[in-house]
$ cat protein-v9.pdb   # PDB, C-alpha atoms, pLDDT in the B column
ATOM      1  CA  MET K 277      -0.623   7.193  12.266  1.00 46.00           C
ATOM      2  CA  SER K 278      -0.048   8.803  15.659  1.00 54.00           C
ATOM      3  CA  ALA K 279      -3.612   9.938  16.368  1.00 55.00           C
ATOM      4  CA  ALA K 280      -5.386   8.227  19.271  1.00 71.00           C
ATOM      5  CA  VAL K 281      -8.998   8.019  18.133  1.00 75.00           C
ATOM      6  CA  GLU K 282     -12.078   6.521  19.781  1.00 82.00           C
ATOM      7  CA  PHE K 283     -13.408   3.323  18.217  1.00 86.00           C
ATOM      8  CA  ALA K 284     -17.002   4.082  17.252  1.00 84.00           C
ATOM      9  CA  ALA K 285     -18.149   0.431  17.251  1.00 86.00           C
ATOM     10  CA  GLY K 286     -16.111  -0.840  20.186  1.00 86.00           C
ATOM     11  CA  ILE K 287     -12.864  -2.749  19.881  1.00 89.00           C
ATOM     12  CA  PRO K 288     -12.454  -4.022  16.287  1.00 91.00           C
ATOM     13  CA  SER K 289     -12.319  -7.740  15.525  1.00 94.00           C
ATOM     14  CA  ARG K 290      -8.977  -9.451  14.959  1.00 95.00           C
ATOM     15  CA  TRP K 291      -8.425 -10.775  11.440  1.00 95.00           C
ATOM     16  CA  ILE K 292      -5.679 -13.113  10.203  1.00 96.00           C
ATOM     17  CA  VAL K 293      -5.232 -12.702   6.432  1.00 93.00           C
ATOM     18  CA  THR K 294      -3.054 -14.873   4.201  1.00 94.00           C
ATOM     19  CA  LEU K 295      -1.832 -12.859   1.228  1.00 90.00           C
ATOM     20  CA  ARG K 296      -1.386 -14.302  -2.258  1.00 89.00           C
ATOM     21  CA  SER K 297       2.365 -14.334  -1.632  1.00 95.00           C
ATOM     22  CA  GLY K 298       1.792 -16.650   1.333  1.00 96.00           C
ATOM     23  CA  ALA K 299       2.683 -13.974   3.874  1.00 96.00           C
ATOM     24  CA  VAL K 300       0.339 -13.715   6.848  1.00 97.00           C
ATOM     25  CA  MET K 301      -0.966 -10.390   8.143  1.00 95.00           C
ATOM     26  CA  GLU K 302      -2.825  -9.722  11.382  1.00 96.00           C
ATOM     27  CA  LEU K 303      -5.062  -6.665  11.521  1.00 94.00           C
ATOM     28  CA  ALA K 304      -8.016  -5.169  13.353  1.00 92.00           C
ATOM     29  CA  ALA K 305     -11.204  -4.178  11.529  1.00 93.00           C
ATOM     30  CA  ASP K 306     -14.936  -3.789  12.082  1.00 93.00           C
ATOM     31  CA  ALA K 307     -15.874  -5.141   8.659  1.00 91.00           C
ATOM     32  CA  TYR K 308     -14.590  -5.988   5.224  1.00 91.00           C
ATOM     33  CA  SER K 309     -15.826  -5.955   1.663  1.00 91.00           C
ATOM     34  CA  GLU K 310     -14.468  -7.162  -1.666  1.00 92.00           C
ATOM     35  CA  ALA K 311     -13.942  -5.007  -4.748  1.00 90.00           C
ATOM     36  CA  ASP K 312     -12.130  -5.990  -7.936  1.00 91.00           C
ATOM     37  CA  GLY K 313     -10.592  -9.044  -6.260  1.00 87.00           C
ATOM     38  CA  GLN K 314      -9.235  -7.038  -3.329  1.00 88.00           C
ATOM     39  CA  LEU K 315     -10.351  -7.142   0.290  1.00 88.00           C
ATOM     40  CA  LEU K 316     -11.097  -3.752   1.844  1.00 88.00           C
ATOM     41  CA  PHE K 317     -11.031  -3.653   5.655  1.00 90.00           C
ATOM     42  CA  ASN K 318     -12.860  -0.918   7.580  1.00 89.00           C
ATOM     43  CA  VAL K 319     -12.473   0.511  11.063  1.00 87.00           C
ATOM     44  CA  LEU K 320     -15.147   2.852  12.408  1.00 87.00           C
ATOM     45  CA  VAL K 321     -13.700   5.658  14.524  1.00 85.00           C
ATOM     46  CA  ASP K 322     -14.891   8.891  16.029  1.00 84.00           C
ATOM     47  CA  ALA K 323     -12.167  11.364  15.064  1.00 82.00           C
ATOM     48  CA  THR K 324     -11.828  15.123  15.185  1.00 83.00           C
ATOM     49  CA  ALA K 325     -10.987  17.076  12.031  1.00 82.00           C
ATOM     50  CA  ASP K 326      -7.338  17.338  13.164  1.00 86.00           C
ATOM     51  CA  GLU K 327      -7.162  13.566  13.716  1.00 85.00           C
ATOM     52  CA  GLN K 328      -8.749  12.934  10.322  1.00 83.00           C
ATOM     53  CA  ASP K 329      -5.989  15.000   8.689  1.00 85.00           C
ATOM     54  CA  GLN K 330      -3.529  12.277   9.815  1.00 85.00           C
ATOM     55  CA  MET K 331      -5.495   9.405   8.198  1.00 82.00           C
ATOM     56  CA  VAL K 332      -6.593   8.147   4.827  1.00 81.00           C
ATOM     57  CA  ILE K 333     -10.381   8.588   4.852  1.00 80.00           C
ATOM     58  CA  ASP K 334     -12.215   6.481   2.280  1.00 78.00           C
ATOM     59  CA  TRP K 335     -15.739   6.915   3.578  1.00 75.00           C
ATOM     60  CA  ARG K 336     -17.539   9.105   6.110  1.00 74.00           C
ATOM     61  CA  ILE K 337     -20.750   8.826   8.067  1.00 71.00           C
ATOM     62  CA  PRO K 338     -22.687  11.865   9.320  1.00 67.00           C
ATOM     63  CA  ASN K 339     -21.215  13.755  12.245  1.00 65.00           C
ATOM     64  CA  ASN K 340     -21.603  12.231  15.654  1.00 61.00           C
ATOM     65  CA  PRO K 341     -24.194  14.344  17.500  1.00 60.00           C
ATOM     66  CA  ARG K 342     -22.457  13.525  20.830  1.00 61.00           C
ATOM     67  CA  ARG K 343     -19.373  15.449  19.686  1.00 56.00           C
ATOM     68  CA  GLU K 344     -21.446  18.576  19.078  1.00 53.00           C
ATOM     69  CA  GLN K 345     -22.390  18.592  22.793  1.00 48.00           C
ATOM     70  CA  GLN K 346     -18.852  18.067  24.137  1.00 45.00           C
TER      71      GLN K 346
END
$ encode --input "protein-v9.pdb" --output "structure tokens"
Amino acid sequence: MSAAVEFAAGIPSRWIVTLRSGAVMELAADAYSEADGQLLFNVLVDATADEQDQMVIDWRIPNNPRREQQ
């Protein structure tokens, strides 16, 4: 992803995840959930429509009213 988006909840937390294979992954996320034995990590960002076209969007929150004024 080459888009530079604004983090909506501040800088995400750092997570160290050990995969079933034993490999270790470091990532940044605001939250996580579990579904069907898989961990789903989330990052909240404020992104324009063009920026969103460059990402996989799994969930959306209502538009940011601040953007409407900019």
$ closest_residue --input "protein-v9.pdb" --among "K:Trp335, K:Ala285, K:Phe317, K:Glu327" --to "Leu303 of chain K" --atoms "only C-alpha atoms"
K:Phe317
$ residues_around --input "protein-v9.pdb" --residues "Ala304 of chain K" --least-positions-apart "5" --cutoff "9 Å" --atoms "only C-alpha atoms" --output "MDAnalysis selection string"
chainID K and resid 287:292 317:319
$ atom_distance --input "protein-v9.pdb" --atom1 "atom CA of Gln330 of chain K" --atom2 "atom CA of Ala307 of chain K"
21.4 Å
$ axis_aligned_box --input "protein-v9.pdb" --around "segment 307-318 of chain K" --padding-each-side "6 Å" --output "JSON"
{"center_x": -12.6, "center_y": -5.0, "center_z": 0.4, "size_x": 18.6, "size_y": 20.1, "size_z": 28.6}
$ atom_distance --input "protein-v9.pdb" --atom1 "atom CA of Asp322 of chain K" --atom2 "atom CA of Glu310 of chain K"
23.9 Å
$ residues_around --input "protein-v9.pdb" --residues "Leu315 of chain K" --least-positions-apart "5" --cutoff "12 Å" --atoms "only C-alpha atoms" --output "list in words"
Trp291, Val293, Thr294, Leu295, Arg296, Ala305, Ala307, Tyr308, Ser309 and Glu310 of chain K
$ closest_residue --input "protein-v9.pdb" --among "K:Gly286, K:Met331, K:Ile337, K:Ala325" --to "Asp306 of chain K" --atoms "all atoms listed in the file"
K:Gly286
$ atom_distance --input "protein-v9.pdb" --atom1 "atom CA of Ala284 of chain K" --atom2 "atom CA of Leu320 of chain K"
5.3 Å
$ closest_residue --input "protein-v9.pdb" --among "K:Ala311, K:Val332, K:Val321, K:Leu316" --to "Val281 of chain K" --atoms "all atoms listed in the file"
K:Val321
$ decode --input "protein-v9.pdb" --residues "chain K" --atoms "C-alpha atoms" --output "PDB file, in the first residue's frame"
ATOM      1  CA  MET K 277       0.000   0.000   0.000  1.00  0.00           C
ATOM      2  CA  SER K 278       1.497   3.360  -0.949  1.00  0.00           C
ATOM      3  CA  ALA K 279      -1.219   5.621   0.467  1.00  0.00           C
ATOM      4  CA  ALA K 280      -0.224   7.818   3.414  1.00  0.00           C
ATOM      5  CA  VAL K 281      -3.357   7.950   5.547  1.00  0.00           C
ATOM      6  CA  GLU K 282      -4.067   9.629   8.882  1.00  0.00           C
ATOM      7  CA  PHE K 283      -4.450   7.303  11.863  1.00  0.00           C
ATOM      8  CA  ALA K 284      -7.905   8.015  13.271  1.00  0.00           C
ATOM      9  CA  ALA K 285      -7.132   6.716  16.786  1.00  0.00           C
ATOM     10  CA  GLY K 286      -3.543   7.906  17.091  1.00  0.00           C
ATOM     11  CA  ILE K 287      -0.504   5.729  16.541  1.00  0.00           C
ATOM     12  CA  PRO K 288      -1.540   2.038  16.596  1.00  0.00           C
ATOM     13  CA  SER K 289      -0.207  -0.337  19.243  1.00  0.00           C
ATOM     14  CA  ARG K 290       2.677  -2.671  18.433  1.00  0.00           C
ATOM     15  CA  TRP K 291       1.805  -6.370  18.455  1.00  0.00           C
ATOM     16  CA  ILE K 292       4.179  -9.353  18.364  1.00  0.00           C
ATOM     17  CA  VAL K 293       2.335 -12.433  17.061  1.00  0.00           C
ATOM     18  CA  THR K 294       3.697 -15.979  16.997  1.00  0.00           C
ATOM     19  CA  LEU K 295       2.131 -17.917  14.137  1.00  0.00           C
ATOM     20  CA  ARG K 296       1.253 -21.608  14.320  1.00  0.00           C
ATOM     21  CA  SER K 297       4.323 -22.320  12.191  1.00  0.00           C
ATOM     22  CA  GLY K 298       6.490 -20.736  14.890  1.00  0.00           C
ATOM     23  CA  ALA K 299       7.298 -17.697  12.764  1.00  0.00           C
ATOM     24  CA  VAL K 300       7.049 -14.356  14.548  1.00  0.00           C
ATOM     25  CA  MET K 301       5.319 -11.341  13.014  1.00  0.00           C
ATOM     26  CA  GLU K 302       5.382  -7.751  14.238  1.00  0.00           C
ATOM     27  CA  LEU K 303       2.483  -5.514  13.257  1.00  0.00           C
ATOM     28  CA  ALA K 304       0.643  -2.355  14.238  1.00  0.00           C
ATOM     29  CA  ALA K 305      -3.072  -2.380  15.057  1.00  0.00           C
ATOM     30  CA  ASP K 306      -5.663  -0.535  17.121  1.00  0.00           C
ATOM     31  CA  ALA K 307      -7.555  -3.685  18.086  1.00  0.00           C
ATOM     32  CA  TYR K 308      -8.059  -7.333  17.311  1.00  0.00           C
ATOM     33  CA  SER K 309     -10.850  -9.867  17.360  1.00  0.00           C
ATOM     34  CA  GLU K 310     -11.086 -13.616  16.839  1.00  0.00           C
ATOM     35  CA  ALA K 311     -13.278 -15.355  14.271  1.00  0.00           C
ATOM     36  CA  ASP K 312     -13.208 -19.032  13.329  1.00  0.00           C
ATOM     37  CA  GLY K 313      -9.863 -19.538  15.075  1.00  0.00           C
ATOM     38  CA  GLN K 314      -8.215 -16.633  13.258  1.00  0.00           C
ATOM     39  CA  LEU K 315      -7.072 -13.321  14.700  1.00  0.00           C
ATOM     40  CA  LEU K 316      -8.288 -10.243  12.827  1.00  0.00           C
ATOM     41  CA  PHE K 317      -6.274  -7.062  13.433  1.00  0.00           C
ATOM     42  CA  ASN K 318      -7.792  -3.625  12.792  1.00  0.00           C
ATOM     43  CA  VAL K 319      -6.304  -0.212  12.114  1.00  0.00           C
ATOM     44  CA  LEU K 320      -8.569   2.838  12.179  1.00  0.00           C
ATOM     45  CA  VAL K 321      -7.637   5.405   9.535  1.00  0.00           C
ATOM     46  CA  ASP K 322      -9.133   8.515   8.044  1.00  0.00           C
ATOM     47  CA  ALA K 323      -8.752   7.964   4.300  1.00  0.00           C
ATOM     48  CA  THR K 324     -10.096   9.672   1.212  1.00  0.00           C
ATOM     49  CA  ALA K 325     -12.007   7.680  -1.404  1.00  0.00           C
ATOM     50  CA  ASP K 326      -8.874   7.556  -3.602  1.00  0.00           C
ATOM     51  CA  GLU K 327      -6.794   6.233  -0.689  1.00  0.00           C
ATOM     52  CA  GLN K 328      -9.459   3.646   0.117  1.00  0.00           C
ATOM     53  CA  ASP K 329      -9.223   2.343  -3.461  1.00  0.00           C
ATOM     54  CA  GLN K 330      -5.643   1.235  -2.633  1.00  0.00           C
ATOM     55  CA  MET K 331      -6.659  -0.781   0.471  1.00  0.00           C
ATOM     56  CA  VAL K 332      -8.681  -3.792   1.469  1.00  0.00           C
ATOM     57  CA  ILE K 333     -11.615  -2.343   3.428  1.00  0.00           C
ATOM     58  CA  ASP K 334     -13.376  -4.842   5.679  1.00  0.00           C
ATOM     59  CA  TRP K 335     -15.444  -2.427   7.724  1.00  0.00           C
ATOM     60  CA  ARG K 336     -16.381   1.254   7.602  1.00  0.00           C
ATOM     61  CA  ILE K 337     -17.561   3.788  10.133  1.00  0.00           C
ATOM     62  CA  PRO K 338     -19.646   6.843   9.196  1.00  0.00           C
ATOM     63  CA  ASN K 339     -17.866   9.653   7.399  1.00  0.00           C
ATOM     64  CA  ASN K 340     -15.680  11.906   9.457  1.00  0.00           C
ATOM     65  CA  PRO K 341     -17.520  15.240   9.743  1.00  0.00           C
ATOM     66  CA  ARG K 342     -14.141  17.062   9.955  1.00  0.00           C
ATOM     67  CA  ARG K 343     -13.351  15.994   6.384  1.00  0.00           C
ATOM     68  CA  GLU K 344     -16.554  17.591   5.108  1.00  0.00           C
ATOM     69  CA  GLN K 345     -15.288  20.981   6.371  1.00  0.00           C
ATOM     70  CA  GLN K 346     -11.778  20.708   4.889  1.00  0.00           C
TER      71      GLN K 346
END
